[in-house]
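Enquirer: Have a look at this one before I ask anything.
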Amino acid sequence: MSDGGEATAVAAAVRPALFDGVYAGRRVLVTGDTGFKGSWLCAWLSGLGAAVGGYALAPPTDPSLFELAGLGGEVAHVAGDVRDLAALRAAVLAFEPELVFHLAAQPLVRASYGDPVGTFATNVMGTVNLFEAIRVCPSVRVVVNVTSDKCYENPEAGGAFREGDPLGGHDPYSASKACAEVVTAAYRRSFFGAESVVRVASARAGNVIGGGDWADDRLLPDCVRAVAAGREVVLRRPAAVRPWQHVLEPLSGYLWLGARLLLDGQRLDGAWNFGPGAEAAVPVAAVVETFLDAYGAGSWRPDPSGAQQPHEAAELLLDGEKARLELGLRPVWDVAAAIERAAAWYRRWAGGSADLRAALQADIDAYVRAAHELDLAWAGGRTIDAPASRAESGPS
C-alpha cells in the first residue's frame, strides 16, 4: 500500500474517535466558508460527518479553493455579508447550528490601510452582528471566534505573546482584531455567562500556509503567481520573522477547542493561542527559498521600495503553552513539511489536476495519521499534560 493509501486507511480507522466524535451528525455553521481557511475547515467538517452550513460573500479570489474543490456541493452555503445583521440573523436561525466557527473577515493588513472603514465594519461590527444572531438562536451551544495573532499590542521587543498580554494594533486590521476580542469578551460576560447554555471562546493563530490560498499579499500565492508569469518573486520584507504553520495546525486546534467546549463547558471559555514553537519562527526569505525549491521553479529578490511600504511588524511570535497544557496540542508538521505539502498542492493545481478536493482530503488524511502516531488527544490518543495555572489580565 502506498504512503497515501496507508494515510487514508489510518484516517478512516480513527475517524470515529477524532475530536471525541463530536462533529458526526451535528450542525456546524462556518462564517467565511468561501475563504482559504474556511474552505479547509468545511472540507474537514464534511469528512467528519457534520452537516455544514456556510455564510459568506462570494469567493474572494479567482481562482478560489471553495470553487476548485467543489465545496458548494458539501456546504449549505448562504451568500451574505456579516455587516448585514438581518440577513445574518435569518441565516443562523434557518440553519439552526449547534456549533459556530466565525471566520468571516477582512483578513489582510495592507488592504486595511486602503479601506479602514470597511475593515472595522466587517471585523468588529460583523462580530457584533454574529453574537446578536446567536442571542436569538436557541440551538447554538458553542461559538469559536477566530481573530488573529496580530490582535496584541506589539512593541517588537522580542518574546512571545500570551493570552493575557495587552491587546492593540498598529494598523487598522490588527486594531480591528483587537476590538473583535474585546467584543467577544463583552458578549461572553454580558450574555453567555454561567447561566447560559452557550460557550464562547476566541482563537488567535499565526501565519498559515497550505494549498489553495490565492489572496493578494500572501507569501506562497505571490510565489505561485510570479512563477506562472515568469517573474521573480519580490519580497517586501525578506528578513521579517513569523511563526509559520500549515493551515491544518490551527484548524485542528479550533475543532478540538469546539469539541471540548461542547463536552466540558465553561471551563474552557476564553482566549486561546494556536501557534507553533519557536523553531517555526523563520524569516520570510527562508520560507520562499524552501518553497521555490520544493515547487521546482522560481527565484526571488528584495523589493527596493520595501522601506516605503506601510508598517508591518518585523517579528511576531505566539506562546501556545495554554493550548499545549490544557488541550494537549502540539505541532504535527514542522515548517519544512508544511511548505512541502503546500508546494505539492500547488504543483498539482499547476499540472491541471481535475480533483483538487481529493488533494485536500489527502493532506487531511496524512495530517490525521501523523497526529495519531504522535498520540494526540484529538486524534484518538490521550496526550494531555496536567493543566497549569496561568495568569491572564486581558480579555478572556
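For the C-alpha cells, the naming scheme is as follows: chains receive sequential letters (A, B, ...) according to their order of presentation, residues are indexed from 1 within each chain, and ligands are indexed from 1 in presentation order.
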For A:Ala76, work out the shell of residues within 12 Å, counting only C-alpha atoms and skipping chain neighbours fewer than 6 positions away, then give it as a ChimeraX atom specification.

Expert: /A:27-31,33-34,42,46,50-56,91-92,94-97

Enquirer: I need the chosen residues saved as an mmCIF file, in the first residue's frame, with C-alpha atoms.

Expert:
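Output saved as result_4.cif:
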```
data_model
loop_
_atom_site.group_PDB
_atom_site.id
_atom_site.type_symbol
_atom_site.label_atom_id
_atom_site.label_comp_id
_atom_site.auth_asym_id
_atom_site.auth_seq_id
_atom_site.Cartn_x
_atom_site.Cartn_y
_atom_site.Cartn_z
ATOM 1 C CA ARG A 27 -24.967 21.004 12.519
ATOM 2 C CA VAL A 28 -21.963 23.330 12.249
ATOM 3 C CA LEU A 29 -22.022 26.831 10.770
ATOM 4 C CA VAL A 30 -18.845 28.356 9.336
ATOM 5 C CA THR A 31 -18.910 32.056 8.503
ATOM 6 C CA ASP A 33 -16.692 29.434 4.370
ATOM 7 C CA THR A 34 -15.648 30.654 0.906
ATOM 8 C CA CYS A 42 -15.572 22.956 5.752
ATOM 9 C CA SER A 46 -17.744 17.405 5.949
ATOM 10 C CA ALA A 50 -21.040 17.107 10.109
ATOM 11 C CA ALA A 51 -23.918 18.899 8.427
ATOM 12 C CA VAL A 52 -22.037 22.030 7.370
ATOM 13 C CA GLY A 53 -23.592 25.408 6.749
ATOM 14 C CA GLY A 54 -21.807 28.477 5.457
ATOM 15 C CA TYR A 55 -22.382 32.214 5.359
ATOM 16 C CA ALA A 56 -20.087 34.473 3.385
ATOM 17 C CA ALA A 91 -29.332 32.568 8.018
ATOM 18 C CA VAL A 92 -28.353 31.494 11.541
ATOM 19 C CA ALA A 94 -32.710 28.965 9.405
ATOM 20 C CA PHE A 95 -29.718 26.651 9.709
ATOM 21 C CA GLU A 96 -30.081 26.043 13.482
ATOM 22 C CA PRO A 97 -26.408 25.237 14.171
#
```

Enquirer: Env of stretch 203-208 of chain A: 10 Å cut, atoms = only C-alpha atoms, seq-sep filter 5 positions within chain, self excluded. Answer as an MDAnalysis selection string.

Expert: chainID A and resid 36:37 101:102 144:152 163 177 181 213 218:219 242:251 253:254 257 270:276 316:318 320 338

Enquirer: To test your reading of the structure, identify every residue in stretch 91-193 of chain A that backbone DSSP assigns to alpha helix (DSSP H), and report it as a PyMOL selection string.

Expert: chain A and resi 91-95+109-114+116-120+126-135+172-191

Enquirer: Save out the residues we just selected, N, CA and C atoms, as a tab-separated table (two decimals), in the first residue's frame.

Expert:
```tsv
chain	number	residue	atom	x	y	z
A	91	ALA	N	-30.07	33.76	8.42
A	91	ALA	CA	-29.33	32.57	8.02
A	91	ALA	C	-29.03	31.67	9.22
A	92	VAL	N	-28.65	32.27	10.34
A	92	VAL	CA	-28.35	31.49	11.54
A	92	VAL	C	-29.61	30.79	12.04
A	93	LEU	N	-30.71	31.51	12.10
A	93	LEU	CA	-31.95	30.92	12.58
A	93	LEU	C	-32.44	29.81	11.65
A	94	ALA	N	-32.25	29.98	10.35
A	94	ALA	CA	-32.71	28.97	9.41
A	94	ALA	C	-31.88	27.70	9.49
A	95	PHE	N	-30.58	27.84	9.70
A	95	PHE	CA	-29.72	26.65	9.71
A	95	PHE	C	-29.76	25.92	11.05
A	109	VAL	N	-3.65	42.86	6.18
A	109	VAL	CA	-3.10	44.06	6.79
A	109	VAL	C	-3.04	45.20	5.78
A	110	ARG	N	-2.42	44.95	4.63
A	110	ARG	CA	-2.22	46.02	3.67
A	110	ARG	C	-3.54	46.53	3.10
A	111	ALA	N	-4.51	45.64	2.92
A	111	ALA	CA	-5.82	46.08	2.44
A	111	ALA	C	-6.51	46.98	3.45
A	112	SER	N	-6.20	46.80	4.73
A	112	SER	CA	-6.84	47.62	5.76
A	112	SER	C	-6.39	49.07	5.70
A	113	TYR	N	-5.20	49.32	5.19
A	113	TYR	CA	-4.76	50.70	5.01
A	113	TYR	C	-5.59	51.38	3.92
A	114	GLY	N	-5.97	50.64	2.88
A	114	GLY	CA	-6.77	51.20	1.80
A	114	GLY	C	-8.23	51.36	2.16
A	116	PRO	N	-9.91	51.30	5.73
A	116	PRO	CA	-10.05	51.09	7.18
A	116	PRO	C	-11.50	51.00	7.64
A	117	VAL	N	-12.39	51.79	7.02
A	117	VAL	CA	-13.80	51.76	7.42
A	117	VAL	C	-14.40	50.39	7.17
A	118	GLY	N	-14.16	49.85	5.97
A	118	GLY	CA	-14.68	48.52	5.66
A	118	GLY	C	-14.09	47.45	6.54
A	119	THR	N	-12.80	47.60	6.89
A	119	THR	CA	-12.14	46.62	7.76
A	119	THR	C	-12.77	46.61	9.14
A	120	PHE	N	-12.96	47.79	9.73
A	120	PHE	CA	-13.57	47.84	11.06
A	120	PHE	C	-15.03	47.39	11.01
A	126	GLY	N	-19.21	43.08	12.25
A	126	GLY	CA	-19.57	41.74	11.82
A	126	GLY	C	-19.59	40.77	12.98
A	127	THR	N	-18.64	40.92	13.91
A	127	THR	CA	-18.61	40.08	15.10
A	127	THR	C	-19.79	40.39	16.02
A	128	VAL	N	-20.08	41.68	16.20
A	128	VAL	CA	-21.25	42.08	16.99
A	128	VAL	C	-22.51	41.46	16.39
A	129	ASN	N	-22.65	41.56	15.09
A	129	ASN	CA	-23.86	41.03	14.43
A	129	ASN	C	-23.98	39.52	14.62
A	130	LEU	N	-22.85	38.81	14.55
A	130	LEU	CA	-22.92	37.37	14.76
A	130	LEU	C	-23.43	37.05	16.16
A	131	PHE	N	-22.89	37.72	17.17
A	131	PHE	CA	-23.33	37.44	18.54
A	131	PHE	C	-24.80	37.84	18.74
A	132	GLU	N	-25.24	38.90	18.07
A	132	GLU	CA	-26.65	39.27	18.16
A	132	GLU	C	-27.53	38.17	17.55
A	133	ALA	N	-27.07	37.59	16.45
A	133	ALA	CA	-27.82	36.50	15.85
A	133	ALA	C	-27.85	35.28	16.77
A	134	ILE	N	-26.73	35.00	17.40
A	134	ILE	CA	-26.65	33.84	18.29
A	134	ILE	C	-27.53	34.02	19.52
A	135	ARG	N	-27.67	35.24	19.97
A	135	ARG	CA	-28.51	35.50	21.15
A	135	ARG	C	-29.95	35.06	20.94
A	172	PRO	N	-5.00	49.27	10.87
A	172	PRO	CA	-6.45	49.05	11.06
A	172	PRO	C	-6.83	47.59	11.20
A	173	TYR	N	-6.19	46.70	10.42
A	173	TYR	CA	-6.54	45.28	10.54
A	173	TYR	C	-6.25	44.77	11.95
A	174	SER	N	-5.03	44.99	12.42
A	174	SER	CA	-4.65	44.48	13.75
A	174	SER	C	-5.54	45.08	14.83
A	175	ALA	N	-5.81	46.38	14.74
A	175	ALA	CA	-6.67	47.02	15.72
A	175	ALA	C	-8.08	46.45	15.66
A	176	SER	N	-8.57	46.16	14.45
A	176	SER	CA	-9.93	45.61	14.33
A	176	SER	C	-10.03	44.24	14.98
A	177	LYS	N	-8.96	43.46	14.91
A	177	LYS	CA	-8.98	42.14	15.54
A	177	LYS	C	-8.88	42.25	17.06
A	178	ALA	N	-8.15	43.25	17.54
A	178	ALA	CA	-8.14	43.50	18.98
A	178	ALA	C	-9.54	43.89	19.45
A	179	CYS	N	-10.20	44.75	18.67
A	179	CYS	CA	-11.58	45.14	19.00
A	179	CYS	C	-12.51	43.93	19.00
A	180	ALA	N	-12.32	43.03	18.03
A	180	ALA	CA	-13.16	41.82	17.98
A	180	ALA	C	-12.97	40.97	19.22
A	181	GLU	N	-11.75	40.94	19.76
A	181	GLU	CA	-11.51	40.22	21.01
A	181	GLU	C	-12.26	40.88	22.17
A	182	VAL	N	-12.25	42.19	22.22
A	182	VAL	CA	-12.96	42.90	23.29
A	182	VAL	C	-14.46	42.66	23.17
A	183	VAL	N	-14.97	42.69	21.94
A	183	VAL	CA	-16.39	42.40	21.71
A	183	VAL	C	-16.74	41.00	22.20
A	184	THR	N	-15.90	40.03	21.86
A	184	THR	CA	-16.15	38.64	22.25
A	184	THR	C	-16.21	38.50	23.77
A	185	ALA	N	-15.23	39.13	24.45
A	185	ALA	CA	-15.22	39.05	25.92
A	185	ALA	C	-16.44	39.74	26.52
A	186	ALA	N	-16.85	40.86	25.94
A	186	ALA	CA	-18.01	41.59	26.47
A	186	ALA	C	-19.29	40.78	26.31
A	187	TYR	N	-19.50	40.17	25.15
A	187	TYR	CA	-20.70	39.36	24.95
A	187	TYR	C	-20.68	38.12	25.83
A	188	ARG	N	-19.50	37.52	25.99
A	188	ARG	CA	-19.42	36.34	26.86
A	188	ARG	C	-19.81	36.72	28.29
A	189	ARG	N	-19.28	37.81	28.79
A	189	ARG	CA	-19.56	38.20	30.17
A	189	ARG	C	-20.99	38.72	30.35
A	190	SER	N	-21.51	39.39	29.33
A	190	SER	CA	-22.83	40.02	29.45
A	190	SER	C	-23.99	39.07	29.18
A	191	PHE	N	-23.81	38.17	28.22
A	191	PHE	CA	-24.94	37.38	27.74
A	191	PHE	C	-24.72	35.86	27.76
```

Enquirer: Show which residues sit within 10 Å of A:Pro304, as a list of chain:residue names. Count only C-alpha atoms, and ignore same-chain residues fewer than 4 positions away.

Expert: A:Val234, A:Leu235, A:Arg236, A:Arg237, A:Gln308

Enquirer: Would you mind exporting all heavy atoms of the selected residues as a JSON list (two decimals), in the first residue's frame?

Expert:
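The result, stored in selection.json:
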```json
[["chain", "number", "residue", "atom", "x", "y", "z"],
["A", 234, "VAL", "N", 9.06, 39.09, -5.61],
["A", 234, "VAL", "CA", 9.58, 40.31, -5.00],
["A", 234, "VAL", "C", 9.12, 40.35, -3.54],
["A", 234, "VAL", "O", 7.91, 40.31, -3.26],
["A", 234, "VAL", "CB", 9.08, 41.56, -5.74],
["A", 234, "VAL", "CG1", 9.60, 42.83, -5.06],
["A", 234, "VAL", "CG2", 9.51, 41.52, -7.20],
["A", 235, "LEU", "N", 10.07, 40.40, -2.62],
["A", 235, "LEU", "CA", 9.77, 40.35, -1.19],
["A", 235, "LEU", "C", 9.92, 41.73, -0.56],
["A", 235, "LEU", "O", 10.98, 42.34, -0.65],
["A", 235, "LEU", "CB", 10.69, 39.36, -0.49],
["A", 235, "LEU", "CG", 10.62, 37.91, -0.99],
["A", 235, "LEU", "CD1", 11.56, 37.04, -0.18],
["A", 235, "LEU", "CD2", 9.19, 37.38, -0.92],
["A", 236, "ARG", "N", 8.85, 42.19, 0.08],
["A", 236, "ARG", "CA", 8.88, 43.49, 0.73],
["A", 236, "ARG", "C", 9.81, 43.49, 1.94],
["A", 236, "ARG", "O", 10.55, 44.44, 2.16],
["A", 236, "ARG", "CB", 7.47, 43.91, 1.16],
["A", 236, "ARG", "CG", 6.48, 44.08, 0.03],
["A", 236, "ARG", "CD", 5.17, 44.67, 0.52],
["A", 236, "ARG", "NE", 4.55, 43.88, 1.58],
["A", 236, "ARG", "CZ", 3.75, 42.84, 1.35],
["A", 236, "ARG", "NH1", 3.50, 42.46, 0.11],
["A", 236, "ARG", "NH2", 3.20, 42.17, 2.35],
["A", 237, "ARG", "N", 9.70, 42.43, 2.74],
["A", 237, "ARG", "CA", 10.48, 42.37, 3.98],
["A", 237, "ARG", "C", 11.05, 40.95, 4.14],
["A", 237, "ARG", "O", 10.54, 40.16, 4.94],
["A", 237, "ARG", "CB", 9.61, 42.75, 5.17],
["A", 237, "ARG", "CG", 9.21, 44.23, 5.18],
["A", 237, "ARG", "CD", 8.29, 44.56, 6.34],
["A", 237, "ARG", "NE", 8.04, 45.98, 6.43],
["A", 237, "ARG", "CZ", 7.12, 46.64, 5.72],
["A", 237, "ARG", "NH1", 6.36, 45.97, 4.87],
["A", 237, "ARG", "NH2", 6.98, 47.95, 5.86],
["A", 308, "GLN", "N", 9.56, 51.90, 2.12],
["A", 308, "GLN", "CA", 8.50, 52.90, 1.97],
["A", 308, "GLN", "C", 7.10, 52.28, 2.07],
["A", 308, "GLN", "O", 6.10, 52.98, 1.93],
["A", 308, "GLN", "CB", 8.64, 53.61, 0.62],
["A", 308, "GLN", "CG", 9.77, 54.64, 0.55],
["A", 308, "GLN", "CD", 11.13, 54.00, 0.45],
["A", 308, "GLN", "OE1", 11.35, 53.16, -0.41],
["A", 308, "GLN", "NE2", 12.04, 54.40, 1.32]]
```

Enquirer: Ranking A:Ala359, A:Val200, A:Ala285, A:Ala278 by minimum distance to A:Asp334 and counting only C-alpha atoms, which one comes first?

Expert: A:Ala278

Enquirer: From the list A:Leu268, A:Leu45, A:Ala281, A:Cys223, which residue is nearest A:Ala160 when using only C-alpha atoms?

Expert: A:Ala281

Enquirer: Using only C-alpha atoms, which residue out of A:Ala370, A:Leu356, A:Ala343, A:Val124 lies closest to A:Ala43?

Expert: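 Counting only C-alpha atoms, the residue closest to A:Ala43 is A:Leu356.
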
Enquirer: Which residue gives the smallest distance to A:Pro60 among A:Ala105, A:Val136, A:Leu99, A:Val22, with only C-alpha atoms counted?

Expert: A:Ala105

Enquirer: Write out as a list in words each polymer residue whose atoms come within 8 Å of A:Arg199, counting only C-alpha atoms; drop sequence neighbours fewer than 6 positions from it.

Expert: Arg141, Val142, Val143, Arg188, Phe192, Leu261, Leu262, Gly265, Gln266 and Asp269 of chain A

Enquirer: Between atom CA of A:Val241 and atom CA of A:Gly296, what distance in Å does the model show, to one decimal?

Expert: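 Computing the Euclidean distance for atom CA of A:Val241 and atom CA of A:Gly296 yields 23.9 Å.
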